[in-house]
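J.: Below is the file structure39.txt, which contains compact mmCIF, C-alpha atoms.
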```txt
# COMPACT_ATOMS: atom_id res chain seq x y z
CA MET A 1 76.68 -126.65 17.70
CA LEU A 2 79.84 -128.34 16.41
CA SER A 3 80.23 -128.19 12.66
CA LEU A 4 81.61 -131.61 11.75
CA PRO A 5 81.57 -133.50 8.44
CA GLN A 6 78.75 -135.92 7.78
CA TYR A 7 79.38 -139.31 9.37
CA PRO A 8 81.14 -141.09 6.49
CA TRP A 9 79.38 -144.44 6.73
CA ASP A 10 76.06 -142.75 5.90
CA ALA A 11 77.35 -142.52 2.31
CA MET A 12 77.24 -146.32 2.08
CA ALA A 13 73.42 -146.51 2.06
CA PRO A 14 73.02 -146.89 -1.74
CA TYR A 15 75.71 -149.58 -1.91
CA ARG A 16 74.13 -151.50 0.94
CA ALA A 17 70.83 -151.32 -0.93
CA GLN A 18 72.50 -152.56 -4.09
CA ALA A 19 74.13 -155.45 -2.21
CA ALA A 20 70.77 -156.39 -0.70
CA GLU A 21 69.48 -157.17 -4.20
CA HIS A 22 71.91 -160.08 -4.57
CA PRO A 23 70.04 -163.43 -4.63
CA GLY A 24 72.28 -164.77 -1.89
CA GLY A 25 71.79 -161.74 0.35
CA VAL A 26 74.18 -159.21 1.83
CA ILE A 27 77.59 -160.10 3.21
CA ASP A 28 78.84 -157.14 5.25
CA LEU A 29 82.63 -156.93 5.30
CA SER A 30 82.73 -153.19 5.87
CA ILE A 31 82.76 -152.28 9.57
CA GLY A 32 84.99 -154.41 11.79
CA THR A 33 82.42 -155.34 14.40
CA PRO A 34 83.04 -158.75 16.01
CA ALA A 35 80.59 -161.47 14.97
CA ASP A 36 81.64 -164.31 17.27
CA PRO A 37 80.28 -164.94 20.79
CA THR A 38 81.74 -163.19 23.79
CA PRO A 39 83.75 -165.87 25.67
CA ALA A 40 82.01 -167.50 28.61
CA VAL A 41 84.74 -166.51 31.07
CA ILE A 42 83.97 -162.85 30.35
CA ARG A 43 80.18 -163.17 30.41
CA GLU A 44 80.38 -164.98 33.74
CA ALA A 45 82.52 -162.19 35.20
CA LEU A 46 80.00 -159.61 33.99
CA ALA A 47 77.08 -161.51 35.51
CA SER A 48 78.87 -162.00 38.82
CA ALA A 49 79.22 -158.22 39.17
CA ALA A 50 75.67 -157.37 38.11
CA ASP A 51 74.69 -156.26 41.62
CA ALA A 52 76.36 -152.85 41.46
CA PRO A 53 74.20 -150.24 43.24
CA GLY A 54 77.00 -147.77 43.93
CA TYR A 55 79.11 -145.59 41.67
CA PRO A 56 82.18 -147.34 40.26
CA SER A 57 85.68 -145.92 40.41
CA THR A 58 86.71 -143.72 37.48
CA HIS A 59 90.25 -145.01 37.98
CA GLY A 60 89.10 -148.61 37.82
CA THR A 61 89.44 -151.28 40.48
CA PRO A 62 92.93 -152.09 41.75
CA ALA A 63 92.45 -155.62 40.38
CA LEU A 64 91.75 -154.29 36.88
CA ARG A 65 94.73 -151.96 36.89
CA GLU A 66 97.07 -154.64 38.21
CA THR A 67 95.75 -157.11 35.64
CA VAL A 68 96.44 -154.67 32.81
CA ALA A 69 99.98 -154.03 34.07
CA ALA A 70 100.56 -157.80 34.22
CA TRP A 71 99.18 -158.15 30.67
CA PHE A 72 101.67 -155.54 29.42
CA ARG A 73 104.49 -157.60 30.97
CA ARG A 74 103.23 -160.96 29.75
CA VAL A 75 101.92 -160.12 26.28
CA ARG A 76 103.40 -156.82 25.15
CA GLY A 77 106.96 -157.05 26.47
CA VAL A 78 106.54 -153.96 28.67
CA PRO A 79 107.76 -154.77 32.18
CA ASP A 80 107.35 -151.37 33.83
CA VAL A 81 103.73 -150.24 33.54
CA ASP A 82 102.67 -148.75 36.87
CA PRO A 83 99.10 -149.85 37.71
CA ASP A 84 98.43 -146.30 38.89
CA THR A 85 98.84 -145.09 35.29
CA VAL A 86 96.17 -147.47 33.93
CA LEU A 87 92.82 -145.83 33.15
CA PRO A 88 89.77 -147.76 31.93
CA THR A 89 87.88 -146.00 29.13
CA VAL A 90 84.39 -146.39 27.72
CA GLY A 91 85.67 -147.99 24.53
CA SER A 92 88.73 -146.66 22.72
CA LYS A 93 86.83 -144.43 20.27
CA GLU A 94 85.58 -142.25 23.13
CA PHE A 95 89.15 -141.74 24.29
CA VAL A 96 90.45 -141.04 20.78
CA ALA A 97 87.75 -138.43 20.13
CA TRP A 98 88.10 -136.61 23.44
CA LEU A 99 91.83 -136.81 24.13
CA PRO A 100 92.62 -133.40 22.56
CA ALA A 101 89.92 -131.82 24.71
CA LEU A 102 91.11 -133.56 27.87
CA LEU A 103 94.67 -132.39 27.15
CA GLY A 104 93.45 -128.80 26.82
CA LEU A 105 94.26 -128.40 23.13
CA GLY A 106 92.58 -125.73 21.02
CA ALA A 107 92.96 -123.23 18.22
CA GLY A 108 96.50 -122.92 16.94
CA ASP A 109 97.54 -126.38 18.13
CA ILE A 110 98.35 -129.19 15.69
CA VAL A 111 97.36 -132.84 16.06
CA LEU A 112 99.33 -135.20 13.83
CA ARG A 113 97.81 -138.38 12.44
CA PRO A 114 98.89 -140.87 9.73
CA ARG A 115 98.00 -140.08 6.09
CA ILE A 116 95.77 -143.14 5.90
CA ALA A 117 94.06 -143.35 9.27
CA TYR A 118 91.05 -144.02 11.45
CA PRO A 119 89.01 -140.82 10.96
CA THR A 120 88.35 -140.21 14.66
CA TYR A 121 91.92 -138.93 15.15
CA GLU A 122 91.00 -136.01 12.92
CA MET A 123 87.56 -135.54 14.47
CA GLY A 124 89.10 -135.19 17.92
CA ALA A 125 91.20 -132.30 16.66
CA GLN A 126 88.24 -130.67 14.93
CA ILE A 127 86.08 -130.91 18.04
CA VAL A 128 88.45 -128.59 19.92
CA GLY A 129 89.28 -126.34 16.96
CA ALA A 130 92.84 -127.65 16.63
CA GLU A 131 94.42 -128.30 13.24
CA PRO A 132 94.66 -131.96 12.17
CA LEU A 133 97.68 -132.68 9.98
CA ALA A 134 98.30 -135.93 8.09
CA VAL A 135 101.96 -136.96 8.19
CA ASP A 136 103.79 -140.28 7.84
CA ASP A 137 107.38 -139.17 8.29
CA PRO A 138 108.85 -136.72 10.83
CA ALA A 139 111.09 -135.40 8.07
CA GLU A 140 108.02 -133.86 6.41
CA LEU A 141 107.69 -131.31 9.23
CA ASP A 142 109.55 -128.00 9.38
CA GLU A 143 110.59 -126.41 12.66
CA GLN A 144 107.91 -123.72 12.53
CA THR A 145 105.18 -126.35 12.22
CA LEU A 146 106.73 -128.42 14.99
CA THR A 147 106.34 -125.56 17.47
CA ARG A 148 102.56 -126.00 17.23
CA VAL A 149 102.43 -129.83 17.40
CA LYS A 150 100.93 -130.86 20.75
CA LEU A 151 99.69 -134.40 20.09
CA ILE A 152 100.95 -137.16 17.78
CA TRP A 153 98.68 -140.10 17.01
CA LEU A 154 100.36 -143.35 15.99
CA ASN A 155 98.48 -146.50 15.03
CA SER A 156 100.24 -149.84 14.80
CA PRO A 157 98.93 -152.26 13.63
CA ALA A 158 97.18 -149.67 11.52
CA ASN A 159 93.51 -149.39 10.70
CA PRO A 160 92.79 -149.72 7.79
CA THR A 161 96.10 -150.79 6.21
CA GLY A 162 97.34 -153.39 8.71
CA ARG A 163 100.83 -151.90 8.56
CA VAL A 164 103.08 -152.49 11.57
CA ASP A 165 105.66 -149.94 12.75
CA ASP A 166 108.98 -151.33 13.95
CA VAL A 167 110.98 -150.23 16.98
CA THR A 168 113.13 -147.82 14.99
CA ARG A 169 110.17 -145.99 13.48
CA LEU A 170 108.33 -145.70 16.80
CA ARG A 171 111.45 -144.53 18.60
CA GLU A 172 111.98 -141.81 16.00
CA TRP A 173 108.54 -140.39 16.76
CA VAL A 174 109.13 -140.61 20.52
CA ARG A 175 112.41 -138.72 20.29
CA LEU A 176 110.81 -136.02 18.14
CA ALA A 177 107.85 -135.65 20.54
CA ARG A 178 110.12 -135.27 23.53
CA ARG A 179 112.23 -132.68 21.75
CA ILE A 180 109.21 -130.50 20.98
CA GLY A 181 107.20 -131.23 24.13
CA ALA A 182 104.32 -133.09 22.46
CA ALA A 183 102.39 -136.10 23.73
CA VAL A 184 102.34 -139.36 21.77
CA ALA A 185 99.20 -141.50 21.82
CA SER A 186 99.63 -144.92 20.23
CA ASP A 187 96.47 -146.77 19.22
CA GLU A 188 97.45 -150.44 19.57
CA CYS A 189 94.02 -152.09 19.45
CA TYR A 190 95.06 -154.81 16.97
CA ALA A 191 98.35 -155.67 18.65
CA VAL A 192 97.59 -159.33 19.41
CA LEU A 193 96.54 -160.12 15.83
CA PRO A 194 99.83 -160.30 13.90
CA TRP A 195 99.97 -162.38 10.72
CA GLU A 196 103.08 -161.59 8.73
CA ALA A 197 104.80 -159.19 11.12
CA GLU A 198 107.68 -160.61 13.16
CA GLU A 199 106.67 -158.50 16.16
CA VAL A 200 104.30 -155.69 17.09
CA PRO A 201 106.14 -153.39 19.53
CA SER A 202 104.26 -151.11 21.88
CA ILE A 203 105.04 -147.43 22.31
CA LEU A 204 105.87 -148.37 25.92
CA ASP A 205 108.37 -151.05 24.86
CA PRO A 206 111.70 -150.30 26.61
CA ARG A 207 113.47 -150.22 23.23
CA VAL A 208 111.06 -147.51 22.08
CA ALA A 209 110.48 -145.56 25.28
CA GLU A 210 114.19 -145.67 26.25
CA GLY A 211 113.72 -145.97 29.97
CA SER A 212 110.80 -143.61 30.53
CA HIS A 213 107.09 -143.44 29.72
CA GLU A 214 107.21 -139.65 29.79
CA GLY A 215 104.79 -138.17 27.26
CA LEU A 216 103.62 -141.58 26.05
CA LEU A 217 100.16 -143.16 26.10
CA ALA A 218 99.34 -146.68 24.90
CA VAL A 219 95.66 -147.12 24.00
CA TYR A 220 94.12 -150.59 23.84
CA SER A 221 90.69 -152.13 23.38
CA ALA A 222 89.51 -155.63 24.24
CA SER A 223 86.82 -155.39 21.54
CA LYS A 224 88.94 -157.10 18.88
CA GLN A 225 90.75 -159.74 20.90
CA SER A 226 87.75 -160.76 23.04
CA ASN A 227 84.61 -159.92 21.03
CA LEU A 228 83.72 -157.16 23.48
CA ALA A 229 82.67 -154.29 21.23
CA GLY A 230 79.26 -154.22 22.90
CA TYR A 231 80.84 -153.85 26.35
CA ARG A 232 82.83 -150.69 25.44
CA ALA A 233 85.88 -152.01 27.31
CA ALA A 234 89.25 -150.36 26.74
CA PHE A 235 92.09 -148.69 28.61
CA VAL A 236 95.04 -146.36 28.37
CA ALA A 237 98.37 -146.54 30.23
CA GLY A 238 101.72 -144.79 30.23
CA CYS A 239 102.97 -141.39 31.35
CA PRO A 240 102.20 -140.73 35.05
CA LYS A 241 101.83 -136.99 34.54
CA LEU A 242 99.43 -137.38 31.60
CA THR A 243 97.34 -140.14 33.16
CA THR A 244 97.02 -138.20 36.43
CA GLY A 245 95.64 -135.21 34.56
CA LEU A 246 93.38 -137.37 32.42
CA LEU A 247 92.00 -139.13 35.49
CA ASN A 248 91.13 -135.81 37.12
CA ALA A 249 89.41 -134.56 33.95
CA ARG A 250 87.50 -137.82 33.54
CA LYS A 251 86.27 -137.60 37.13
CA HIS A 252 84.89 -134.13 36.45
CA ALA A 253 83.25 -135.31 33.22
CA GLY A 254 81.78 -138.54 34.60
CA MET A 255 83.66 -140.72 32.10
CA ILE A 256 83.32 -143.96 34.08
CA MET A 257 83.38 -147.56 32.91
CA PRO A 258 80.44 -149.41 34.55
CA ALA A 259 81.43 -151.69 37.44
CA PRO A 260 80.28 -154.96 35.78
CA VAL A 261 82.27 -154.07 32.66
CA GLN A 262 85.35 -153.45 34.80
CA GLU A 263 85.02 -157.00 36.11
CA ALA A 264 84.51 -158.35 32.60
CA LEU A 265 87.59 -156.49 31.32
CA THR A 266 89.63 -157.86 34.21
CA ALA A 267 88.63 -161.37 33.19
CA ALA A 268 89.36 -160.69 29.52
CA MET A 269 92.86 -159.38 30.17
CA SER A 270 93.64 -162.25 32.55
CA ASP A 271 92.85 -165.05 30.12
CA ASP A 272 95.08 -165.64 27.08
CA GLU A 273 93.45 -168.89 26.00
CA HIS A 274 90.33 -167.34 24.49
CA VAL A 275 92.46 -164.75 22.68
CA ALA A 276 94.58 -167.47 21.06
CA ALA A 277 91.43 -169.35 20.03
CA GLN A 278 89.92 -166.24 18.44
CA ARG A 279 93.17 -165.51 16.62
CA ARG A 280 93.06 -169.00 15.05
CA ILE A 281 89.54 -168.29 13.82
CA TYR A 282 90.61 -165.01 12.23
CA ALA A 283 93.69 -166.63 10.69
CA ALA A 284 91.51 -169.14 8.84
CA ARG A 285 89.12 -166.44 7.64
CA ARG A 286 92.01 -164.26 6.53
CA PHE A 287 93.54 -167.06 4.47
CA ARG A 288 90.24 -167.78 2.73
CA ALA A 289 89.37 -164.13 2.06
CA LYS A 290 92.86 -163.14 0.92
CA SER A 291 93.13 -166.08 -1.47
CA ALA A 292 89.75 -165.27 -3.01
CA LEU A 293 90.51 -161.57 -3.40
CA GLU A 294 93.80 -162.35 -5.13
CA ALA A 295 92.08 -164.87 -7.39
CA ALA A 296 89.61 -162.11 -8.34
CA GLY A 297 92.46 -159.83 -9.40
CA PHE A 298 93.04 -157.80 -6.25
CA THR A 299 96.41 -156.94 -4.79
CA VAL A 300 96.48 -157.06 -1.00
CA GLU A 301 98.79 -154.38 0.39
CA HIS A 302 100.35 -154.32 3.87
CA SER A 303 97.78 -156.16 6.02
CA GLU A 304 100.54 -157.70 8.14
CA ALA A 305 98.30 -157.60 11.20
CA GLY A 306 94.78 -156.74 12.34
CA LEU A 307 91.29 -157.56 11.14
CA TYR A 308 91.31 -156.09 7.63
CA LEU A 309 92.67 -156.65 4.16
CA TRP A 310 93.70 -153.43 2.42
CA CYS A 311 93.46 -154.03 -1.28
CA THR A 312 93.05 -152.66 -4.77
CA ASP A 313 92.02 -153.91 -8.19
CA GLY A 314 94.38 -151.41 -9.82
CA SER A 315 91.61 -149.25 -11.28
CA GLY A 316 92.60 -146.26 -9.15
CA ASP A 317 89.02 -145.53 -8.09
CA THR A 318 87.67 -146.53 -4.69
CA TRP A 319 83.97 -146.13 -5.39
CA SER A 320 83.95 -148.22 -8.57
CA GLN A 321 85.43 -151.06 -6.51
CA VAL A 322 82.84 -150.57 -3.78
CA ALA A 323 80.10 -150.73 -6.43
CA ARG A 324 81.51 -153.84 -8.09
CA MET A 325 81.69 -155.61 -4.75
CA ALA A 326 78.11 -154.54 -4.02
CA GLU A 327 77.06 -156.19 -7.30
CA ARG A 328 78.20 -159.44 -5.72
CA GLY A 329 76.26 -158.67 -2.55
CA ILE A 330 79.43 -157.77 -0.63
CA VAL A 331 79.73 -154.51 1.32
CA VAL A 332 83.26 -153.24 1.92
CA GLY A 333 84.88 -150.15 3.40
CA PRO A 334 85.87 -147.36 0.98
CA GLY A 335 89.54 -146.44 1.25
CA THR A 336 88.69 -142.75 0.96
CA PHE A 337 87.01 -142.87 4.38
CA TYR A 338 90.53 -143.01 5.81
CA GLY A 339 91.97 -139.99 4.01
CA ASP A 340 92.65 -138.85 0.47
CA ALA A 341 95.64 -141.19 0.34
CA GLY A 342 93.19 -144.10 0.52
CA GLN A 343 91.89 -143.40 -2.99
CA GLY A 344 91.91 -146.52 -5.15
CA ARG A 345 91.73 -148.91 -2.19
CA ILE A 346 89.06 -150.76 -0.26
CA ARG A 347 89.10 -152.30 3.20
CA VAL A 348 87.73 -155.81 3.64
CA ALA A 349 86.94 -156.89 7.22
CA LEU A 350 87.44 -160.42 8.54
CA THR A 351 84.79 -160.08 11.22
CA ALA A 352 81.91 -161.87 9.46
CA SER A 353 81.04 -165.48 10.31
CA ASP A 354 82.88 -168.45 8.80
CA SER A 355 79.94 -169.18 6.51
CA GLU A 356 79.73 -165.58 5.31
CA ILE A 357 83.46 -165.43 4.59
CA ALA A 358 83.18 -168.71 2.70
CA ASP A 359 80.20 -167.39 0.72
CA ALA A 360 82.01 -164.15 -0.12
CA ALA A 361 85.05 -166.13 -1.26
CA GLU A 362 82.86 -168.26 -3.50
CA ARG A 363 81.27 -165.19 -5.07
CA LEU A 364 84.72 -163.74 -5.77
CA ARG A 365 86.17 -167.01 -7.07
CA SER A 366 83.34 -168.01 -9.39
CA PRO A 367 84.33 -167.92 -13.09
CA LEU A 368 81.34 -165.69 -13.89
CA ALA A 369 82.38 -163.19 -11.22
CA ARG A 370 85.95 -163.06 -12.49
CA VAL A 371 84.82 -162.50 -16.08
CA ALA A 372 82.41 -159.76 -15.02
CA TRP A 373 85.04 -158.11 -12.86
CA ASN A 374 87.65 -158.12 -15.61
CA THR A 375 85.14 -156.79 -18.12
CA VAL A 376 84.08 -153.87 -15.93
CA GLY A 377 87.50 -153.16 -14.41
```
Can the structure in the file be given as structure tokens, please?
T.:
Amino acid sequence: MLSLPQYPWDAMAPYRAQAAEHPGGVIDLSIGTPADPTPAVIREALASAADAPGYPSTHGTPALRETVAAWFRRVRGVPDVDPDTVLPTVGSKEFVAWLPALLGLGAGDIVLRPRIAYPTYEMGAQIVGAEPLAVDDPAELDEQTLTRVKLIWLNSPANPTGRVDDVTRLREWVRLARRIGAAVASDECYAVLPWEAEEVPSILDPRVAEGSHEGLLAVYSASKQSNLAGYRAAFVAGCPKLTTGLLNARKHAGMIMPAPVQEALTAAMSDDEHVAAQRRIYAARRFRAKSALEAAGFTVEHSEAGLYLWCTDGSGDTWSQVARMAERGIVVGPGTFYGDAGQGRIRVALTASDSEIADAAERLRSPLARVAWNTVG
């Protein structure tokens, strides 16, 4: 039996109960699960492929892989993704959690992840007995440590902070990884939701990869851009050697995206119109939520892209902020769920409905709420 920490969100039960006592009901801005309908073009593709009596391809249909390669050219500025290196995955979390195992990592190996990060990067290392290490700057690592680094996780735009890494920063990590023989996996699930960032480069961008995808994996999920979290529709692309090995391992393990979902993902990655429409919806929600949080005395940090606002009231304590938000019937994500460096911050998701975001903003903006907040904080 694996000995893993308790699932962190279980600790939110008392705060959810407290929020439920609010006369206006609970507004859940904690987990970033899409709340808007799945676009019709995707649902129709799913339904059209519902008659699927045979086993689907682990590698994905040629149409799906070619569509993803075309999407990288059209949307991400990556002209040289080989469709043969595209692998569909059963959501991106599955891939994040099991990548160290599929790469054959184990005791003595080090998996790097950002200091403030999606916790599954660390869980993947723990599952195989490797050592997770939180690092933001390659300069923090000595040569002895570098000899044990086998996998480097990058995340831009970042969850939970919304920070975006530029070409120079990404290229620095790529050069280091190639020098020490480590793989780089870049979680880019929020890439098409930039707000204040001038650009969101991919790890496979020619300016970053410098002419080769060797050792590089770009991980992407359609859940955020297309409201597909329930479909578990994601993919990885990049290094031919890595993706060939991953494909073989996934065949042995039966990690196969269902055939109807492959068709739905093909439709999702072919259609930019619904993505642009969803981005406009999130932009309006972000403006309303950010303005209200700032009016209530919060400082919003980073948050240049993605579906979250990373903020603080300056008190220095995450859980007091979670509790004060719960008093207003609002459930948020504790910054400490994303590492010790998240202390004093909370994550506010933009994935609730327009009416819920408007209600939350009203609760934060009301004079009574501001007085109460300032008194307690």
J.: Suppose you want the space between atom CA of Glu210 of chain A and atom CA of Arg171 of chain A; what is it in Å?
T.: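 Taking atom CA of Glu210 of chain A and atom CA of Arg171 of chain A, their separation equals 8.2 Å.
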J.: Write out as a ChimeraX atom specification the residues lying within 8 Å of Ala69 of chain A, counting all atoms listed in the file and excluding same-chain residues fewer than 5 positions away.
T.: /A:80-83,86
J.: Convert the current residue selection to file output with C-alpha atoms, as a PDB file, in the coordinates of the input.
T.:
```pdb
ATOM      1  CA  ASP A  80     107.350-151.370  33.830  1.00  0.00           C
ATOM      2  CA  VAL A  81     103.730-150.240  33.540  1.00  0.00           C
ATOM      3  CA  ASP A  82     102.670-148.750  36.870  1.00  0.00           C
ATOM      4  CA  PRO A  83      99.100-149.850  37.710  1.00  0.00           C
ATOM      5  CA  VAL A  86      96.170-147.470  33.930  1.00  0.00           C
TER       6      VAL A  86
END
```
J.: Quick one: distance from atom CA of Ala47 of chain A to atom CA of Ala70 of chain A in Å, one decimal?
T.: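 Computed distance, atom CA of Ala47 of chain A to atom CA of Ala70 of chain A, equals 23.8 Å.
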J.: Determine, counting all atoms listed in the file, which protein, DNA and RNA residues have an atom within 7 Å of an atom of segment 273-280 of chain A; residues of the same chain fewer than 2 positions away are not included. Present the result as JSON, numbers by chain.
T.: {"A": [39, 193, 225, 226, 271, 282, 283, 284]}
J.: What's the separation between atom CA of Val300 of chain A and atom CA of Tyr190 of chain A, in Å to one decimal place?
T.: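 Separation between atom CA of Val300 of chain A and atom CA of Tyr190 of chain A: 18.2 Å.
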J.: Could you tell me which of A:Leu4, A:Phe95, A:Val331, A:Ser48 comes closest to Gly129 of chain A if we count only C-alpha atoms?
T.: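 Comparing A:Leu4, A:Phe95, A:Val331, A:Ser48 against Gly129 of chain A, the winner is A:Leu4.
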J.: Once you count only C-alpha atoms, what closest atom pair and distance in Å to one decimal does each residue of segment 218-286 of chain A within 10 Å of segment 50-62 of chain A have, with rows by chain and rising residue number, as a tab-separated table?
T.:
```
residue	atom	partner	partner_atom	distance
A:Phe235	CA	A:Gly60	CA	9.7
A:Thr243	CA	A:His59	CA	9.9
A:Thr244	CA	A:His59	CA	9.7
A:Leu246	CA	A:His59	CA	10.0
A:Leu247	CA	A:His59	CA	6.6
A:Asn248	CA	A:Thr58	CA	9.1
A:Arg250	CA	A:Thr58	CA	7.1
A:Lys251	CA	A:Thr58	CA	6.1
A:His252	CA	A:Thr58	CA	9.8
A:Gly254	CA	A:Thr58	CA	7.7
A:Met255	CA	A:Thr58	CA	6.9
A:Ile256	CA	A:Thr58	CA	4.8
A:Met257	CA	A:Thr58	CA	6.8
A:Pro258	CA	A:Pro56	CA	6.3
A:Ala259	CA	A:Pro56	CA	5.2
A:Pro260	CA	A:Ala50	CA	5.7
A:Val261	CA	A:Ala50	CA	9.2
A:Gln262	CA	A:Gly60	CA	6.8
A:Glu263	CA	A:Thr61	CA	8.4
A:Thr266	CA	A:Thr61	CA	9.1
```
J.: With all atoms listed in the file as the counted atoms, please give the residues lying no more than 10 Å from Asp205 of chain A, apart from itself and same-chain residues fewer than 6 positions off, as a list in words.
T.: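 That gives Phe72, Arg73, Arg76, Gly77, Val78, Pro79, Asp80, Val81, Val167, Leu170, Arg171, Gly211, Ser212 and His213 of chain A.
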J.: For Pro34 of chain A, work out the shell of residues within 8 Å, counting all atoms listed in the file and skipping chain neighbours fewer than 5 positions away, then give it as a VMD selection string.
T.: chain A and resid 223 to 224 227 to 229 351 to 352
J.: Do a neighbour search on Tyr118 of chain A at 9 Å with all atoms listed in the file, toss out local chain neighbours closer than 6 positions, and write the hits as a PDB file with C-alpha atoms, in the coordinates of the input.
T.:
```
ATOM      1  CA  ASN A 155      98.480-146.500  15.030  1.00  0.00           C
ATOM      2  CA  ALA A 158      97.180-149.670  11.520  1.00  0.00           C
ATOM      3  CA  ASN A 159      93.510-149.390  10.700  1.00  0.00           C
ATOM      4  CA  PRO A 160      92.790-149.720   7.790  1.00  0.00           C
ATOM      5  CA  PHE A 337      87.010-142.870   4.380  1.00  0.00           C
ATOM      6  CA  TYR A 338      90.530-143.010   5.810  1.00  0.00           C
ATOM      7  CA  GLY A 339      91.970-139.990   4.010  1.00  0.00           C
TER       8      GLY A 339
END
```
J.: Pick the closest to Leu133 of chain A from A:Glu301, A:Asp109, A:Glu356, A:Glu294: which is it, counting all atoms listed in the file?
T.: A:Asp109
J.: So which residues are close to (72.7, -155.6, -2.2), meaning at most 12 Å away in the file's coordinates with all atoms listed in the file counted, and can you show them as a PyMOL selection string?
T.: chain A and resi 12-28+322-332
J.: Quick one: of A:Val200, A:Val96, A:Leu29, A:Ala264, who's nearest to Arg43 of chain A, counting all atoms listed in the file?
T.: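 Looking only at the distances to Arg43 of chain A, the closest residue turns out to be A:Ala264.
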J.: Have a look at A:Leu204, A:Thr168, A:Ala234, A:His302 and name the one nearest to Leu64 of chain A; count only C-alpha atoms.
T.: A:Ala234
J.: Using all atoms listed in the file, what does the table of segment 112-170 of chain A residues within 9 Å of segment 176-182 of chain A look like, with each row giving the shortest atom pair and its distance in Å to one decimal, sorted by chain and ascending number, as JSON lines?
T.:
```
{"residue": "A:Pro138", "atom": "CA", "partner": "A:Leu176", "partner_atom": "CA", "distance": 7.6}
{"residue": "A:Leu146", "atom": "CA", "partner": "A:Ile180", "partner_atom": "CA", "distance": 6.8}
{"residue": "A:Thr147", "atom": "CA", "partner": "A:Ile180", "partner_atom": "CA", "distance": 6.7}
{"residue": "A:Arg148", "atom": "CA", "partner": "A:Ile180", "partner_atom": "CA", "distance": 8.9}
{"residue": "A:Val149", "atom": "CA", "partner": "A:Ala182", "partner_atom": "CA", "distance": 6.3}
{"residue": "A:Lys150", "atom": "CA", "partner": "A:Ala182", "partner_atom": "CA", "distance": 4.4}
{"residue": "A:Leu151", "atom": "CA", "partner": "A:Ala182", "partner_atom": "CA", "distance": 5.4}
{"residue": "A:Ile152", "atom": "CA", "partner": "A:Ala182", "partner_atom": "CA", "distance": 7.1}
```
J.: With distances taken over all atoms listed in the file, which of A:Val164, A:Val348, A:Ala305, A:Cys239 is nearest to Lys290 of chain A?
T.: A:Val348
J.: Counting all atoms listed in the file, which residue out of A:Trp173, A:Trp195, A:Phe298, A:Tyr231 sits closest to Trp310 of chain A?
T.: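 Under the stated criterion, the closest residue is A:Phe298.
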J.: Output: segment 161-172 of chain A of the preceding structure, restricted to N, CA and C atoms, written as a CSV table (one decimal), in the first residue's frame.
T.:
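Produced file part.csv, reproduced below:
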```csv
chain,number,residue,atom,x,y,z
A,161,THR,N,-0.5,30.3,-9.4
A,161,THR,CA,-0.1,31.7,-9.4
A,161,THR,C,-0.4,32.4,-10.6
A,162,GLY,N,-0.6,31.7,-11.8
A,162,GLY,CA,-0.8,32.4,-13.0
A,162,GLY,C,0.4,33.1,-13.6
A,163,ARG,N,1.6,32.8,-13.1
A,163,ARG,CA,2.8,33.3,-13.6
A,163,ARG,C,3.1,32.7,-15.0
A,164,VAL,N,3.7,33.5,-15.9
A,164,VAL,CA,4.1,33.0,-17.2
A,164,VAL,C,5.6,33.1,-17.3
A,165,ASP,N,6.2,32.0,-17.8
A,165,ASP,CA,7.7,32.0,-18.0
A,165,ASP,C,8.0,32.5,-19.4
A,166,ASP,N,9.0,33.3,-19.6
A,166,ASP,CA,9.3,33.8,-20.9
A,166,ASP,C,10.3,32.9,-21.6
A,167,VAL,N,10.6,33.2,-22.8
A,167,VAL,CA,11.5,32.3,-23.6
A,167,VAL,C,12.8,32.1,-22.9
A,168,THR,N,13.4,33.2,-22.4
A,168,THR,CA,14.7,33.1,-21.8
A,168,THR,C,14.7,32.1,-20.6
A,169,ARG,N,13.7,32.2,-19.8
A,169,ARG,CA,13.7,31.3,-18.6
A,169,ARG,C,13.5,29.9,-19.0
A,170,LEU,N,12.6,29.6,-19.9
A,170,LEU,CA,12.3,28.3,-20.4
A,170,LEU,C,13.6,27.7,-21.0
A,171,ARG,N,14.2,28.5,-21.8
A,171,ARG,CA,15.4,28.0,-22.5
A,171,ARG,C,16.6,27.6,-21.5
A,172,GLU,N,16.6,28.4,-20.4
A,172,GLU,CA,17.6,28.1,-19.4
A,172,GLU,C,17.4,26.7,-18.8
```
